[in-house]
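Just final.txt here, compact mmCIF, C-alpha atoms and all ligand atoms:
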# COMPACT_ATOMS: atom_id res chain seq x y z
CA MET A 2 40.40 -31.07 -8.06
CA THR A 3 40.81 -32.35 -11.59
CA SER A 4 39.58 -30.08 -14.30
CA ALA A 5 36.86 -32.62 -15.19
CA ALA A 6 35.61 -32.61 -11.61
CA GLY A 7 35.88 -28.84 -11.64
CA ARG A 8 33.77 -28.64 -14.78
CA LEU A 9 31.27 -31.03 -13.27
CA ALA A 10 31.01 -28.95 -10.10
CA ALA A 11 30.64 -25.80 -12.15
CA ALA A 12 28.01 -27.44 -14.32
CA SER A 13 25.97 -28.65 -11.37
CA GLY A 14 26.39 -25.23 -9.79
CA ILE A 15 25.05 -23.64 -12.93
CA SER A 16 22.14 -26.03 -13.20
CA GLU A 17 21.31 -25.37 -9.56
CA LEU A 18 21.42 -21.66 -10.24
CA ALA A 19 19.26 -22.09 -13.30
CA ALA A 20 16.74 -24.06 -11.25
CA GLU A 21 16.80 -21.36 -8.60
CA ALA A 22 16.35 -18.65 -11.18
CA GLU A 23 13.46 -20.55 -12.70
CA LEU A 24 11.87 -20.88 -9.27
CA ALA A 25 12.36 -17.18 -8.60
CA ARG A 26 10.80 -16.40 -11.94
CA THR A 27 7.72 -18.56 -11.52
CA SER A 28 7.22 -17.63 -7.90
CA TYR A 29 7.67 -13.88 -8.23
CA GLY A 30 5.53 -12.38 -5.55
CA GLU A 31 4.30 -15.70 -4.26
CA GLY A 32 2.58 -15.16 -0.93
CA ALA A 33 2.48 -11.37 -1.35
CA LEU A 34 -0.87 -9.63 -1.08
CA VAL A 35 -0.11 -7.15 -3.85
CA VAL A 36 1.95 -8.17 -6.85
CA CYS A 37 2.63 -5.61 -9.59
CA ASP A 38 4.68 -7.09 -12.36
CA ARG A 39 6.09 -4.67 -14.94
CA LEU A 40 2.99 -2.50 -14.85
CA VAL A 41 2.61 -0.08 -17.72
CA ARG A 42 -0.12 2.54 -18.06
CA ILE A 43 -0.09 4.79 -21.08
CA TYR A 44 -2.65 7.56 -21.43
CA ALA A 45 -3.34 8.68 -24.96
CA LEU A 46 -4.78 12.17 -25.06
CA GLU A 47 -5.36 13.92 -28.39
CA GLY A 48 -2.45 12.12 -29.96
CA ILE A 49 -0.11 12.76 -27.04
CA GLU A 50 1.05 9.75 -25.10
CA VAL A 51 1.76 9.98 -21.40
CA GLN A 52 3.53 7.01 -19.87
CA ALA A 53 2.23 7.23 -16.32
CA LEU A 54 3.63 3.84 -15.30
CA GLN A 55 6.69 2.48 -17.06
CA GLY A 56 7.18 -1.08 -15.88
CA LEU A 57 6.53 -0.77 -12.19
CA ASP A 58 7.33 -3.75 -9.97
CA LEU A 59 5.96 -3.82 -6.47
CA LEU A 60 5.36 -6.47 -3.81
CA ILE A 61 3.45 -5.84 -0.63
CA GLY A 62 3.01 -8.43 2.08
CA LYS A 63 -0.14 -9.07 4.04
CA GLY A 64 -0.46 -6.89 7.11
CA GLU A 65 2.08 -4.27 6.00
CA LEU A 66 1.56 -0.54 6.28
CA THR A 67 3.46 1.04 3.41
CA ALA A 68 3.81 4.66 2.35
CA VAL A 69 4.20 5.70 -1.27
CA VAL A 70 5.95 9.00 -1.96
CA GLY A 71 7.01 10.73 -5.16
CA ALA A 72 6.87 14.00 -7.06
CA SER A 73 3.59 15.19 -8.50
CA GLY A 74 2.94 13.38 -11.78
CA SER A 75 5.17 10.42 -10.93
CA GLY A 76 2.31 7.91 -11.27
CA LYS A 77 1.14 7.40 -7.68
CA SER A 78 -2.57 7.95 -8.32
CA THR A 79 -2.40 5.90 -11.52
CA LEU A 80 -1.08 3.00 -9.44
CA MET A 81 -3.75 3.49 -6.76
CA ASN A 82 -6.55 3.61 -9.34
CA ILE A 83 -5.36 0.37 -10.90
CA LEU A 84 -5.15 -1.32 -7.49
CA ALA A 85 -8.62 0.02 -6.68
CA GLY A 86 -10.00 -1.68 -9.78
CA LEU A 87 -11.01 1.66 -11.31
CA ASP A 88 -8.50 1.56 -14.14
CA THR A 89 -6.68 -1.21 -16.00
CA PRO A 90 -3.02 -1.35 -16.97
CA THR A 91 -1.93 -1.05 -20.61
CA ALA A 92 0.53 -3.90 -20.04
CA GLY A 93 1.96 -5.95 -17.23
CA SER A 94 0.07 -7.83 -14.58
CA VAL A 95 -1.35 -6.96 -11.21
CA GLN A 96 -2.78 -9.22 -8.54
CA VAL A 97 -4.38 -8.33 -5.25
CA ALA A 98 -5.25 -11.08 -2.77
CA GLY A 99 -5.18 -13.61 -5.59
CA HIS A 100 -7.43 -11.59 -7.91
CA ASP A 101 -5.96 -10.91 -11.32
CA LEU A 102 -7.03 -7.34 -12.01
CA SER A 103 -6.40 -7.33 -15.74
CA GLY A 104 -8.81 -10.15 -16.52
CA MET A 105 -11.91 -9.28 -14.51
CA THR A 106 -15.43 -9.06 -15.91
CA ALA A 107 -17.52 -6.02 -14.97
CA ARG A 108 -19.32 -8.12 -12.40
CA GLU A 109 -16.09 -9.41 -10.82
CA ARG A 110 -14.76 -5.87 -10.78
CA LEU A 111 -17.78 -4.66 -8.84
CA SER A 112 -17.45 -7.38 -6.23
CA TYR A 113 -13.68 -6.75 -6.06
CA ARG A 114 -14.30 -3.07 -5.33
CA ARG A 115 -16.93 -3.89 -2.75
CA GLN A 116 -15.12 -6.59 -0.84
CA VAL A 117 -11.42 -6.85 -1.57
CA VAL A 118 -10.31 -3.20 -1.50
CA GLY A 119 -11.39 -0.12 0.35
CA PHE A 120 -10.28 3.37 -0.61
CA VAL A 121 -10.02 6.81 0.86
CA TRP A 122 -9.44 9.82 -1.39
CA GLN A 123 -7.83 13.13 -0.69
CA GLN A 124 -11.03 15.14 -1.19
CA THR A 125 -13.02 14.65 1.98
CA SER A 126 -16.21 15.31 -0.01
CA ARG A 127 -15.54 12.33 -2.27
CA ASN A 128 -15.49 9.79 0.54
CA LEU A 129 -18.84 10.11 2.31
CA LEU A 130 -22.39 10.62 1.12
CA PRO A 131 -23.30 14.13 2.28
CA TYR A 132 -26.93 13.43 3.20
CA MET A 133 -26.12 10.46 5.44
CA THR A 134 -24.72 10.33 8.95
CA ALA A 135 -21.36 8.70 9.69
CA TRP A 136 -23.22 5.65 11.00
CA GLN A 137 -25.32 5.36 7.83
CA ASN A 138 -22.25 5.82 5.62
CA VAL A 139 -20.44 2.93 7.35
CA VAL A 140 -23.53 0.73 7.18
CA LEU A 141 -24.17 1.28 3.47
CA PRO A 142 -21.43 -0.97 1.95
CA MET A 143 -22.55 -3.78 4.25
CA ARG A 144 -26.16 -3.29 3.17
CA LEU A 145 -25.09 -3.52 -0.48
CA ARG A 146 -23.29 -6.76 0.28
CA GLY A 147 -26.43 -8.10 1.99
CA ALA A 148 -25.00 -8.33 5.51
CA GLY A 149 -27.47 -8.96 8.32
CA ARG A 150 -28.67 -6.25 10.67
CA ARG A 151 -26.82 -7.55 13.72
CA GLU A 152 -23.50 -7.79 11.86
CA ARG A 153 -23.97 -4.29 10.45
CA SER A 154 -24.53 -2.73 13.86
CA ALA A 155 -21.69 -4.56 15.56
CA ARG A 156 -19.19 -3.79 12.81
CA THR A 157 -20.20 -0.13 12.55
CA ALA A 158 -19.87 0.40 16.30
CA GLU A 159 -16.47 -1.33 16.28
CA LEU A 160 -15.14 0.71 13.37
CA LEU A 161 -16.32 4.08 14.67
CA ALA A 162 -14.66 3.24 18.00
CA VAL A 163 -11.33 2.09 16.51
CA LEU A 164 -11.19 5.24 14.40
CA GLY A 165 -12.19 7.49 17.28
CA VAL A 166 -15.37 8.90 15.73
CA THR A 167 -18.07 7.27 17.85
CA HIS A 168 -19.20 10.79 18.81
CA CYS A 169 -19.89 11.51 15.12
CA ALA A 170 -22.25 8.55 14.61
CA ASP A 171 -25.30 10.76 14.16
CA ARG A 172 -23.61 13.62 12.33
CA ARG A 173 -23.61 14.29 8.63
CA PRO A 174 -20.28 15.17 7.00
CA ASP A 175 -21.03 18.92 7.10
CA GLN A 176 -21.34 18.62 10.88
CA MET A 177 -17.89 17.03 11.19
CA SER A 178 -14.35 18.44 10.98
CA GLY A 179 -12.10 17.47 8.05
CA GLY A 180 -10.19 15.03 10.24
CA GLU A 181 -13.37 13.45 11.54
CA GLN A 182 -14.68 13.09 7.99
CA GLN A 183 -11.50 11.29 6.91
CA ARG A 184 -11.64 8.97 9.92
CA ALA A 185 -15.29 8.18 9.18
CA ALA A 186 -14.23 7.61 5.55
CA ILE A 187 -11.65 5.07 6.71
CA ALA A 188 -14.35 3.33 8.76
CA THR A 189 -16.60 3.22 5.68
CA ALA A 190 -13.79 1.84 3.53
CA LEU A 191 -13.22 -0.93 6.08
CA ALA A 192 -16.87 -1.90 6.50
CA ASN A 193 -16.69 -5.06 4.41
CA ARG A 194 -13.33 -6.19 5.84
CA PRO A 195 -11.28 -5.56 2.70
CA ASP A 196 -7.86 -7.20 2.35
CA LEU A 197 -6.31 -3.93 1.23
CA LEU A 198 -6.97 -0.33 2.21
CA LEU A 199 -5.83 2.26 -0.32
CA ALA A 200 -5.52 5.89 0.71
CA ASP A 201 -4.44 8.47 -1.88
CA GLU A 202 -3.14 11.51 0.01
CA PRO A 203 -5.85 11.18 2.66
CA THR A 204 -4.30 14.00 4.66
CA GLY A 205 -3.60 16.29 1.71
CA GLU A 206 -6.39 18.72 2.54
CA LEU A 207 -5.76 18.80 6.28
CA ASP A 208 -3.56 20.91 8.52
CA SER A 209 -0.55 19.09 9.91
CA ALA A 210 -1.93 18.37 13.41
CA THR A 211 -5.09 16.87 11.90
CA ALA A 212 -3.01 14.95 9.38
CA VAL A 213 -1.10 13.28 12.22
CA ASP A 214 -4.44 12.38 13.75
CA VAL A 215 -5.81 10.80 10.58
CA PHE A 216 -2.57 8.96 9.99
CA GLY A 217 -2.75 7.64 13.56
CA ALA A 218 -6.20 6.30 12.70
CA LEU A 219 -4.76 4.46 9.67
CA GLN A 220 -2.07 2.98 11.89
CA ARG A 221 -4.66 1.78 14.39
CA ALA A 222 -6.72 0.22 11.62
CA ASN A 223 -3.59 -1.60 10.48
CA ALA A 224 -2.53 -2.72 13.96
CA GLU A 225 -5.92 -3.52 15.49
CA LEU A 226 -7.89 -4.77 12.49
CA GLY A 227 -4.97 -6.29 10.60
CA VAL A 228 -5.81 -4.64 7.28
CA THR A 229 -2.95 -4.09 4.84
CA VAL A 230 -2.58 -0.36 4.16
CA LEU A 231 -1.03 1.45 1.22
CA VAL A 232 -0.99 5.21 1.68
CA VAL A 233 0.21 7.89 -0.72
CA THR A 234 1.53 10.89 1.13
CA HIS A 235 3.42 14.12 0.59
CA ASP A 236 3.96 14.53 4.27
CA PRO A 237 7.48 13.62 5.43
CA ALA A 238 6.17 13.46 9.01
CA VAL A 239 3.87 10.66 7.89
CA SER A 240 6.39 8.68 5.90
CA ALA A 241 8.84 8.97 8.83
CA GLN A 242 6.41 6.93 10.91
CA VAL A 243 6.06 3.91 8.66
CA ARG A 244 8.40 0.98 8.44
CA ARG A 245 8.50 0.92 4.67
CA THR A 246 8.39 3.87 2.29
CA ILE A 247 8.44 3.34 -1.45
CA ALA A 248 9.48 6.20 -3.70
CA ILE A 249 8.08 6.32 -7.21
CA ALA A 250 9.87 8.28 -9.89
CA ASP A 251 8.85 8.42 -13.55
CA GLY A 252 6.39 5.57 -13.24
CA ARG A 253 8.72 3.12 -11.53
CA THR A 254 9.64 2.29 -7.98
CA SER A 255 13.00 3.98 -7.47
CA THR A 256 14.04 3.70 -3.84
CA GLU A 257 12.74 2.11 -0.69
CA THR A 258 13.40 3.26 2.83
CA LEU A 259 13.08 0.73 5.63
CA ARG A 260 12.92 1.91 9.20
CA HIS A 261 13.31 -0.24 12.22
CA ALA A 262 13.41 0.50 15.88
CA ALA A 263 16.72 -0.45 17.47
CA ALA A 264 17.51 -0.67 21.15
CA GLU A 265 20.31 1.75 21.93
CA ASP A 266 21.65 2.91 25.29
CA GLY A 267 18.53 1.66 26.99
CA GLY A 268 16.24 3.63 24.66
CA LEU A 269 14.61 2.96 21.33
CA SER A 270 15.81 4.79 18.29
CA GLN A 271 14.75 4.71 14.68
CA HIS A 272 17.12 3.60 12.00
CA ALA A 273 16.29 4.42 8.43
CA VAL A 274 18.11 2.74 5.59
CA GLU A 275 17.53 3.79 2.01
CA TYR A 276 17.71 1.07 -0.59
CA ALA A 277 17.79 1.39 -4.33
CA VAL A 278 15.31 -0.93 -5.97
CA LEU A 279 16.88 -3.68 -8.07
CA ASP A 280 14.41 -4.71 -10.72
CA ARG A 281 14.18 -8.13 -12.23
CA ALA A 282 16.19 -7.13 -15.26
CA GLY A 283 19.01 -6.07 -12.90
CA ARG A 284 18.40 -2.33 -13.31
CA VAL A 285 19.14 0.03 -10.43
CA GLN A 286 18.32 3.70 -10.38
CA LEU A 287 21.09 5.67 -8.67
CA PRO A 288 19.92 8.78 -6.82
CA LEU A 289 20.83 12.09 -8.50
CA GLU A 290 22.23 13.46 -5.26
CA MET A 291 24.84 10.70 -5.33
CA LEU A 292 25.57 10.95 -9.05
CA GLU A 293 25.97 14.68 -9.40
CA PRO A 294 28.86 15.33 -6.97
CA LEU A 295 30.87 12.62 -8.76
CA GLY A 296 29.97 13.89 -12.20
CA MET A 297 28.51 10.52 -13.13
CA ARG A 298 26.46 10.53 -16.30
CA ASP A 299 25.83 8.49 -19.45
CA ARG A 300 27.88 5.55 -18.25
CA VAL A 301 29.69 4.30 -15.21
CA ARG A 302 32.29 1.64 -14.63
CA LEU A 303 31.40 -1.37 -12.51
CA GLU A 304 33.74 -3.51 -10.51
CA ALA A 305 32.69 -6.76 -8.95
CA GLU A 306 34.10 -7.27 -5.49
CA PRO A 307 33.57 -10.35 -3.35
CA ASP A 308 30.92 -8.68 -1.22
CA HIS A 309 29.81 -5.61 -3.17
CA ILE A 310 29.82 -3.91 -6.54
CA GLY A 311 31.75 -0.68 -7.03
CA VAL A 312 30.37 2.02 -9.31
CA TRP A 313 32.91 4.53 -10.73
CA PRO A 314 32.68 7.64 -12.84
CA ASP A 315 33.81 7.02 -16.40
CA ASN A 316 36.20 9.91 -16.35
CA PRO A 317 39.78 9.13 -17.39
CA ALA A 318 40.99 12.53 -16.17
CA SER A 319 40.07 11.66 -12.63
CA ARG A 320 42.45 8.68 -12.58
CA GLN A 321 45.98 9.12 -11.36
CA PRO A 322 48.54 8.74 -14.15
CA GLY A 323 49.84 5.24 -14.68
CA GLN A 324 47.38 3.82 -12.25
CA GLN A 325 45.68 0.71 -13.54
CA GLN A 326 43.43 0.08 -10.65
CA PRO A 327 41.50 2.93 -9.14
CA ALA A 328 41.72 1.19 -5.79
CA GLN A 329 43.13 4.21 -3.92
CA GLN A 330 40.47 6.61 -4.98
CA GLN A 331 37.39 4.67 -4.26
CA PRO A 332 34.99 7.27 -3.04
CA GLY A 333 32.62 6.34 -0.28
CA GLU A 334 33.54 2.68 -0.31
CA GLN A 335 32.73 0.73 2.78
CA PRO A 336 35.54 -1.36 4.15
N1 LIG B 401 -6.73 10.48 -17.15
C1 LIG B 401 -5.53 10.89 -17.57
N2 LIG B 401 -5.35 11.23 -18.88
C2 LIG B 401 -4.14 11.62 -19.32
N3 LIG B 401 -3.05 11.72 -18.56
C3 LIG B 401 -3.15 11.41 -17.26
C4 LIG B 401 -4.40 10.98 -16.70
N4 LIG B 401 -4.21 10.73 -15.39
C5 LIG B 401 -2.91 11.00 -15.13
N5 LIG B 401 -2.27 11.39 -16.25
C6 LIG B 401 -0.85 11.72 -16.37
O1 LIG B 401 -0.10 10.63 -15.92
C7 LIG B 401 1.00 11.04 -15.13
C8 LIG B 401 0.91 10.45 -13.75
O2 LIG B 401 -0.20 11.01 -13.08
P1 LIG B 401 -0.64 10.61 -11.60
O3 LIG B 401 -0.66 9.13 -11.49
O4 LIG B 401 -1.90 11.33 -11.30
O5 LIG B 401 0.57 11.19 -10.73
P2 LIG B 401 0.67 11.52 -9.17
O6 LIG B 401 -0.53 10.95 -8.48
O7 LIG B 401 1.96 10.86 -8.75
O8 LIG B 401 0.76 12.99 -9.05
C9 LIG B 401 0.97 12.56 -15.16
O9 LIG B 401 1.83 12.98 -16.18
C10 LIG B 401 -0.46 12.88 -15.46
O10 LIG B 401 -0.56 14.12 -16.15
MG MG B 402 -2.01 11.84 -7.26

Written as structure tokens, how would this file's structure read?
Amino acid sequence: MTSAAGRLAAASGISELAAEAELARTSYGEGALVVCDRLVRIYALEGIEVQALQGLDLLIGKGELTAVVGASGSGKSTLMNILAGLDTPTAGSVQVAGHDLSGMTARERLSYRRQVVGFVWQQTSRNLLPYMTAWQNVVLPMRLRGAGRRERSARTAELLAVLGVTHCADRRPDQMSGGEQQRAAIATALANRPDLLLADEPTGELDSATAVDVFGALQRANAELGVTVLVVTHDPAVSAQVRRTIAIADGRTSTETLRHAAAEDGGLSQHAVEYAVLDRAGRVQLPLEMLEPLGMRDRVRLEAEPDHIGVWPDNPASRQPGQQQPAQQQPGEQP
């Protein structure tokens, strides 16, 4: 290849890449049900600023059931409240099912909350009206939307059945167990066929057996009714059952764990792979448990390899004398 041809090839390669990058930029999140783009939420309280979300990126596809985990105070509820249309971001953009949540009028917001999202809170008492039966609670959102009588009855019966609380139809919340209340709450949240069901620690007040039960109900709602579910949980038993778990740390998505069933020796086993999230600026957060044993801090050295990138501690003392390339001491490198 002559150098002119080489330059030409390189140039066309670059322009192709640029076109691709442009496409990726304009189509970020295209086709996703939930698109959070550099979400920022700052609370200002008596002169003190709390950055609850610090540029959070998140994409969720239609029909997914995703768990969100993270330490207390990491921003999970802030994210849920924004997605629920109860709060607005300080900066960044957020779209749910094509609705841009930062630019809604009060009226649009009301109809968004009634028809596009459903939510279930941790406090069982916050989810259902105490003086109404389970049946009446499920019917109410449909009444507010103006749904006809026949539709209301059919949908209520269907939802109570899918969530396993048909026997509670005529009971008020104080006549139901905590688990039954949460399952009736899920039915109520689904009454108007929302695109997205948000559940913020829905099992947080329940014992572990009941929590498994309620989580099973969320899974059925996802599988049988096709609703996309985003559930915040502290319960590792819950997050172990979902295909995708997103960890939030300091107001950003930090890692994602994907689980898939794999056929092995005639049986099915679960494989979990933890991924670091690569944001659109190219930032990766490395887990502390990987950094600490290697004494990595402040800065690390990167080496581009044909099929991976190596990350090395910036510690001259750890190199063997006279060695230019640290090739022999690559810790944990995959062949
Ligand atoms: N209304 C509020 N006013 C001021 N600070 C808040 C408010 N809500 C949450 N925060 C702060 O924002 C951060 C994230 O809170 P939150 O989203 O509730 O976390 P999580 O649900 O992960 O425990 C915390 O530091 C919390 O104290
Ligand atoms: Mg919370």

*Determine, counting all atoms listed in the file, which protein, DNA and RNA residues have an atom within 7 Å of an atom of Ala200 in chain A; residues of the same chain fewer than 4 positions away are not included. Present the result as a ChimeraX atom specification.*
/A:120-122,231-233

Coordinates of box centre and edge lengths for ligand LIG 401 (chain B), 4 Å on every side, axis-aligned, as JSON:
{"center_x": -2.4, "center_y": 11.6, "center_z": -13.9, "size_x": 16.7, "size_y": 13.0, "size_z": 18.8}

*Separation of atom P1 of ligand LIG 401 (chain B) from CA of Thr79 in chain A, in Å and rounded to one decimal*: 5.0 Å

*Using all atoms listed in the file, find each residue with an atom at most 9 Å away from ligand LIG 401 (chain B) and format the answer as a ChimeraX atom specification.*
/A:42-46,49-54,70-82,201-202,233,249-252

*For Leu102 in chain A, list every protein, DNA or RNA residue within 8 Å, evaluated using all atoms listed in the file, and leave out those in the same chain fewer than 6 positions away; present the list as a ChimeraX atom specification.*
/A:83-84,86,89,94-96,110

_Between A:Ser240, A:Thr157, A:Thr67, A:Ser103, which residue has the minimum interatomic distance to Leu87 in chain A, considering only C-alpha atoms?_
A:Ser103

*Would you mind telling me which residue in A:Leu199, A:Cys37, A:Ser126, A:Arg144 lies nearest to Arg173 in chain A when using only C-alpha atoms?*
A:Ser126

_Shell of 10 Å around Leu295 in chain A, all atoms listed in the file, local chain residues under 5 positions omitted, as an MDAnalysis selection string_ = chainID A and resid 290 313:316 332

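Minimum atom-to-atom distances from A:Thr211, A:Pro203, A:Leu191, A:Gln116 to ligand MG 402 (chain B) were compared using only C-alpha atoms and all ligand atoms, and the lowest value belongs to A:Pro203.
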
*So, counting only C-alpha atoms and all ligand atoms, which residue among A:Asp196, A:Leu59, A:Leu160, A:His235 is closest to ligand MG 402 (chain B)?*
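The closest residue to ligand MG 402 (chain B) is A:His235.
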
*d(CA of Pro195 in chain A, CA of Gln220 in chain A) in Å*: 15.6 Å

*Of the candidates A:Arg194, A:Arg151, A:Arg184, A:His168, which shows the shortest atom-to-atom distance to Arg114 in chain A, using all atoms listed in the file?*
A:Arg194

*Quick one: everything within 10 Å of Ile61 in chain A, counting only C-alpha atoms, minus sequence neighbours fewer than 4 positions away in the same chain. Send it as a ChimeraX atom specification.*
/A:30,32-37,65-67,97,229-231,245

*For CA of Arg156 in chain A and CA of Ala192 in chain A, determine how far apart the two atoms are, in Å to one decimal place.*
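The value is 7.0 Å.
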
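Among A:Thr167, A:Thr106, A:Gln124, A:Gln242, the residue with the shortest atom-to-atom distance to ligand MG 402 (chain B), counting all atoms listed in the file, is A:Gln124.
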
_Taking 2 positions as the minimum chain separation for residues in the same chain, which residues sit within 9 Å of Glu181 in chain A when counting all atoms listed in the file? Answer as a PyMOL selection string._
chain A and resi 164-166+169+174+177-179+183-186+211+215

Taking N, CA and C atoms as the atom set, what does range 179-191 of chain A look like once completed, written as a PDB file, keeping the file's coordinate frame?
ATOM      1  N   GLY A 179     -12.765  18.188   9.141  1.00  0.00           N
ATOM      2  CA  GLY A 179     -12.100  17.470   8.050  1.00  0.00           C
ATOM      3  C   GLY A 179     -11.467  16.168   8.522  1.00  0.00           C
ATOM      4  N   GLY A 180     -10.827  16.229   9.697  1.00  0.00           N
ATOM      5  CA  GLY A 180     -10.190  15.030  10.240  1.00  0.00           C
ATOM      6  C   GLY A 180     -11.207  13.965  10.606  1.00  0.00           C
ATOM      7  N   GLU A 181     -12.319  14.411  11.185  1.00  0.00           N
ATOM      8  CA  GLU A 181     -13.370  13.450  11.540  1.00  0.00           C
ATOM      9  C   GLU A 181     -13.970  12.815  10.285  1.00  0.00           C
ATOM     10  N   GLN A 182     -14.136  13.640   9.250  1.00  0.00           N
ATOM     11  CA  GLN A 182     -14.680  13.090   7.990  1.00  0.00           C
ATOM     12  C   GLN A 182     -13.750  12.020   7.430  1.00  0.00           C
ATOM     13  N   GLN A 183     -12.430  12.280   7.464  1.00  0.00           N
ATOM     14  CA  GLN A 183     -11.500  11.290   6.910  1.00  0.00           C
ATOM     15  C   GLN A 183     -11.490  10.023   7.760  1.00  0.00           C
ATOM     16  N   ARG A 184     -11.623  10.175   9.076  1.00  0.00           N
ATOM     17  CA  ARG A 184     -11.640   8.970   9.920  1.00  0.00           C
ATOM     18  C   ARG A 184     -12.929   8.170   9.697  1.00  0.00           C
ATOM     19  N   ALA A 185     -14.034   8.881   9.500  1.00  0.00           N
ATOM     20  CA  ALA A 185     -15.290   8.180   9.180  1.00  0.00           C
ATOM     21  C   ALA A 185     -15.184   7.528   7.790  1.00  0.00           C
ATOM     22  N   ALA A 186     -14.431   8.177   6.890  1.00  0.00           N
ATOM     23  CA  ALA A 186     -14.230   7.610   5.550  1.00  0.00           C
ATOM     24  C   ALA A 186     -13.431   6.314   5.634  1.00  0.00           C
ATOM     25  N   ILE A 187     -12.442   6.295   6.531  1.00  0.00           N
ATOM     26  CA  ILE A 187     -11.650   5.070   6.710  1.00  0.00           C
ATOM     27  C   ILE A 187     -12.560   3.953   7.248  1.00  0.00           C
ATOM     28  N   ALA A 188     -13.406   4.318   8.211  1.00  0.00           N
ATOM     29  CA  ALA A 188     -14.350   3.330   8.760  1.00  0.00           C
ATOM     30  C   ALA A 188     -15.237   2.772   7.651  1.00  0.00           C
ATOM     31  N   THR A 189     -15.724   3.649   6.773  1.00  0.00           N
ATOM     32  CA  THR A 189     -16.600   3.220   5.680  1.00  0.00           C
ATOM     33  C   THR A 189     -15.851   2.293   4.720  1.00  0.00           C
ATOM     34  N   ALA A 190     -14.596   2.648   4.443  1.00  0.00           N
ATOM     35  CA  ALA A 190     -13.790   1.840   3.530  1.00  0.00           C
ATOM     36  C   ALA A 190     -13.516   0.448   4.098  1.00  0.00           C
ATOM     37  N   LEU A 191     -13.548   0.350   5.438  1.00  0.00           N
ATOM     38  CA  LEU A 191     -13.220  -0.930   6.080  1.00  0.00           C
ATOM     39  C   LEU A 191     -14.451  -1.778   6.393  1.00  0.00           C
TER      40      LEU A 191
END
